[in-house]
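K.L.:
Here you go, one structure.
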Amino acid sequence: MSTGARTSPTAHQLIGLLVDQGSFRSWDEPVPGPPADPDYRASLDRARGRTGVDEAVLTGLGLIDGRPVALIASEFGFLGGSIGVATAERVTRAVERATLERLPLLALPVSGGTRMQEGSAAFLCMLRITAAVQAHRAAGLPYLTYLRNPTMGGVFASWGTLGQLVFAEPGARLGFLGPRVYEELRGVELPADVQLAETLAGHGLVDAVVPPQELRELLRRTLAVLGTAPPASPGDTPPQEETPPHGDTPSYGHTRARSHGDTRGNAPHGGTRGNADDADVPGPAADVQGPAGGPDEEPDAWDSVRRTRRPDRPGTRELLRRTAGELVLLDAPGGRGGALVRALAVLGGHPVLVVGQQRQDTEHERPFTAADLRAVRRTARLAEQLGLPLLTVVDTAGAELSAQAERDGIAVEIAHCLTTLLALRTPVLAVLLGQGSGGGALALLPADRVLAAGHAWLAPLPPEGASAIVHRDGDHAAELARAQGIGARRLAEVGLVDEVVPELPDAAEEPEAFCERMGTAIAAALDALAITGEAERLASRATRHRRLGDVR
């Protein structure tokens, strides 16, 4: 894709596309006096005359669908959107004001990087901006970026890519060094597609590639999720908080701020409490309903394996489409044909971040890769930064098996995924939706609660693989499936699954009803997690994982 001709909107035009009509209010103050260098002074004068703006960024406050948002928009026509000391100070003050007023912040950079006429002083200002952005994020406030064509150098390597969510313009050139500098320093041309927005999205570095004309709707839905307050629990007394400077400003970072009393024994959906031996374990005992119909009926494990491989069985995407009140699908490695689904969603009234595996079908083989695992960890850290619960959905035939996967360190990435989720301070809810084969499934299962579909299963290998190890052939797969305790009910007995959501008799034959039941179970589990204080929840999580595998 060519990036030669720039058709991107100006800063004023882009702001006009995004904010409610007439709502933008500038925060900009006059820039300091002119520089001593006459050539540089002349360049600034020409840039001001050509663009009608006084510096390479505009800052201010606007409304997006009625929600106040702080904005920082670069103007490429002003010396290529380069960042000088005065530019950096304007950006920094805007970030600091957004933090003080507890506003979500949207940065719209387009820049060649540091302003060369100001040298090292301007270059060091990237640290100034980055420190302000870090303080904004540490306050639990959203920081979103939209990278325009081009975004390069120090801007790309600092505040441009620090968004908790990073969006990009189609065909935008995004990178550390421009192609001309690269060729001069290295003596070879930089491949044309290396720095494209689409390439970065394919590697999990950009969350969505969206045209400027569609950006407002994406931002509207994103802010709607991030601004959703979790539903109040019965008898819950809302905390008294100081009124923010903007009375109608939504609250952000909800989950972190909540701390409530003991909720032991409050199992959703009629879950029974554990016996006296389990009295010291916080949280409910498993609610094991009949996975395939009646309350006493346990499905055959091998039959469940075959059912979860049906191509018409609902997967992660279908579950989200049928249950989410608001849904923002984010890019993941491999794109829509890949093995990973990432999303912002409102489920049962709760804003959540979702990371799940998309089951393969007859047309798409979807190996779960090291890049997917890195994206899982990034999404988990994002959930913690935003104070949102994390929902993981497991449905995989296994992690990628290839020489490239070994070179990519897939086993190391699985280990890092496990430690990331185990240590996450935000609530984690896992759904075992179908196939749960090997380390690729295990990587998404560290959680505070685990729900399982009636025919879902978890095993160290697919039954055929286990048969190959034990019997040196694949002919004993059914026998191994029945012997290994891989089904949802058996997983409840060893402490992994807290609730089994029935399939009547198979999710593929009743996708709408099944997704509705699973959605109800997810909402109830999120309710329970939301009213549990962080210290109690983390202690319960540690106890839970210490006892996994013990028959109860």
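Going through the structure tokens in order, the chains are called A, B, and so on, while each chain numbers its residues from 1 and the ligands are numbered from 1 in the order shown.
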Could you pull out all residues of region 69-260 of chain A with a DSSP call of helix (DSSP H, G or I) and give them as number ranges by chain?
P.N.:
A: 79-81, 85-100, 116-138, 153-156, 179-186, 197-202, 212-226, 254-257
K.L.:
Counting only C-alpha atoms, figure out which residue out of A:Ser74, A:Thr369, A:Thr396, A:Thr130 gets nearest to Val53 (chain A).
P.N.:
A:Ser74
K.L.:
Write out as a list in words the residues lying within 8 Å of Gly154 (chain A), counting only C-alpha atoms and excluding same-chain residues fewer than 6 positions away.
P.N.:
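Using only C-alpha atoms, the neighbours found are Gly113, Thr114, Phe123, Met126 and Phe176 of chain A.
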K.L.:
Take the residues that were just selected and, keeping N, CA and C atoms, output them as a compact mmCIF listing (two decimals), in the first residue's frame.
P.N.:
```txt
# COMPACT_ATOMS: atom_id res chain seq x y z
N GLY A 113 8.88 13.37 14.11
CA GLY A 113 9.67 13.14 15.30
C GLY A 113 10.15 14.44 15.93
N THR A 114 11.34 14.42 16.50
CA THR A 114 11.90 15.59 17.17
C THR A 114 12.25 16.68 16.17
N PHE A 123 14.69 16.82 21.91
CA PHE A 123 14.71 15.36 22.01
C PHE A 123 14.42 14.92 23.44
N MET A 126 10.82 14.42 25.07
CA MET A 126 10.00 13.21 24.97
C MET A 126 9.85 12.56 26.35
N PHE A 176 10.33 3.77 13.79
CA PHE A 176 11.38 4.44 14.55
C PHE A 176 12.22 5.34 13.65
```
K.L.:
Do you know which residues are at most 7 Å from Arg359 (chain A) counting only C-alpha atoms, after dropping those on the same chain fewer than 5 positions away, and could you put them as a PDB file with C-alpha atoms, in the first residue's frame?
P.N.:
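Listing of around-v3.pdb after writing:
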```
ATOM      1  CA  GLY A 315     -17.164 -19.923  19.500  1.00  0.00           C
ATOM      2  CA  ALA A 339      -6.641 -17.791  16.803  1.00  0.00           C
ATOM      3  CA  ASP A 395     -11.410 -23.050  23.102  1.00  0.00           C
ATOM      4  CA  THR A 396      -8.297 -24.399  21.417  1.00  0.00           C
TER       5      THR A 396
END
```
K.L.:
Given only C-alpha atoms, how would the per-residue table for region 128-181 of chain A near region 202-214 of chain A read, listing every residue at most 6 Å away with its closest atom pair and distance in Å to one decimal, sorted by chain and number, as CSV?
P.N.:
```
residue,atom,partner,partner_atom,distance
A:Val166,CA,A:Val206,CA,5.3
A:Phe167,CA,A:Ala208,CA,4.9
A:Ala168,CA,A:Val209,CA,4.8
A:Glu169,CA,A:Pro211,CA,5.5
A:Pro170,CA,A:Val209,CA,5.7
```
K.L.:
Excluding same-chain residues fewer than 2 positions from Arg309 (chain A), what lies within 10 Å of it counting only C-alpha atoms, as a ChimeraX atom specification?
P.N.:
/A:304-307,311-313,359-362,395-397,434-435
K.L.:
Could you please write out, as a ChimeraX atom specification, every residue of region 114-154 of chain A that DSSP assigns to strand (DSSP E or B)?
P.N.:
/A:114,143-147,151-152
K.L.:
Can you tell me how far CA of Asp39 (chain A) sits from CA of Arg180 (chain A), in Å to one decimal?
P.N.:
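Distance between the two atoms: 23.6 Å.
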K.L.:
Could you tell me which of A:Gly140, A:Gly178, A:Gly519, A:Gly474 comes closest to Phe156 (chain A) if we count only C-alpha atoms?
P.N.:
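Nearest to Phe156 (chain A): A:Gly178.
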K.L.:
Any idea what the distance is between CA of Leu496 (chain A) and CA of Leu548 (chain A)?
P.N.:
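Interatomic distance here is 6.3 Å.
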K.L.:
Using only C-alpha atoms, which residues sit within 12 Å of Gly549 (chain A) once same-chain residues fewer than 2 positions away are excluded, as number ranges by chain?
P.N.:
A: 485-486, 490-497, 544-547, 551-552
K.L.:
Point out the residue among A:Tyr182, A:Phe76, A:Tyr146, A:Phe368 with the least atom-to-atom distance to Thr51 (chain A), counting only C-alpha atoms.
P.N.:
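That would be A:Phe76, the residue with the smallest distance to Thr51 (chain A).
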K.L.:
I'd like to know which of A:Ala508, A:Val500, A:Ala121, A:Ala530 is closest to Ala229 (chain A), using only C-alpha atoms.
P.N.:
A:Ala530
K.L.:
Ranking A:Arg317, A:Arg336, A:Arg366, A:Arg537 by minimum distance to Leu424 (chain A) and counting only C-alpha atoms, which one comes first?
P.N.:
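Of A:Arg317, A:Arg336, A:Arg366, A:Arg537, the one nearest Leu424 (chain A), counting only C-alpha atoms, is A:Arg537.
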K.L.:
Do you have the CA of Thr59 (chain A)-CA of Leu177 (chain A) distance handy?
P.N.:
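That distance, rounded to one decimal, is 26.3 Å.
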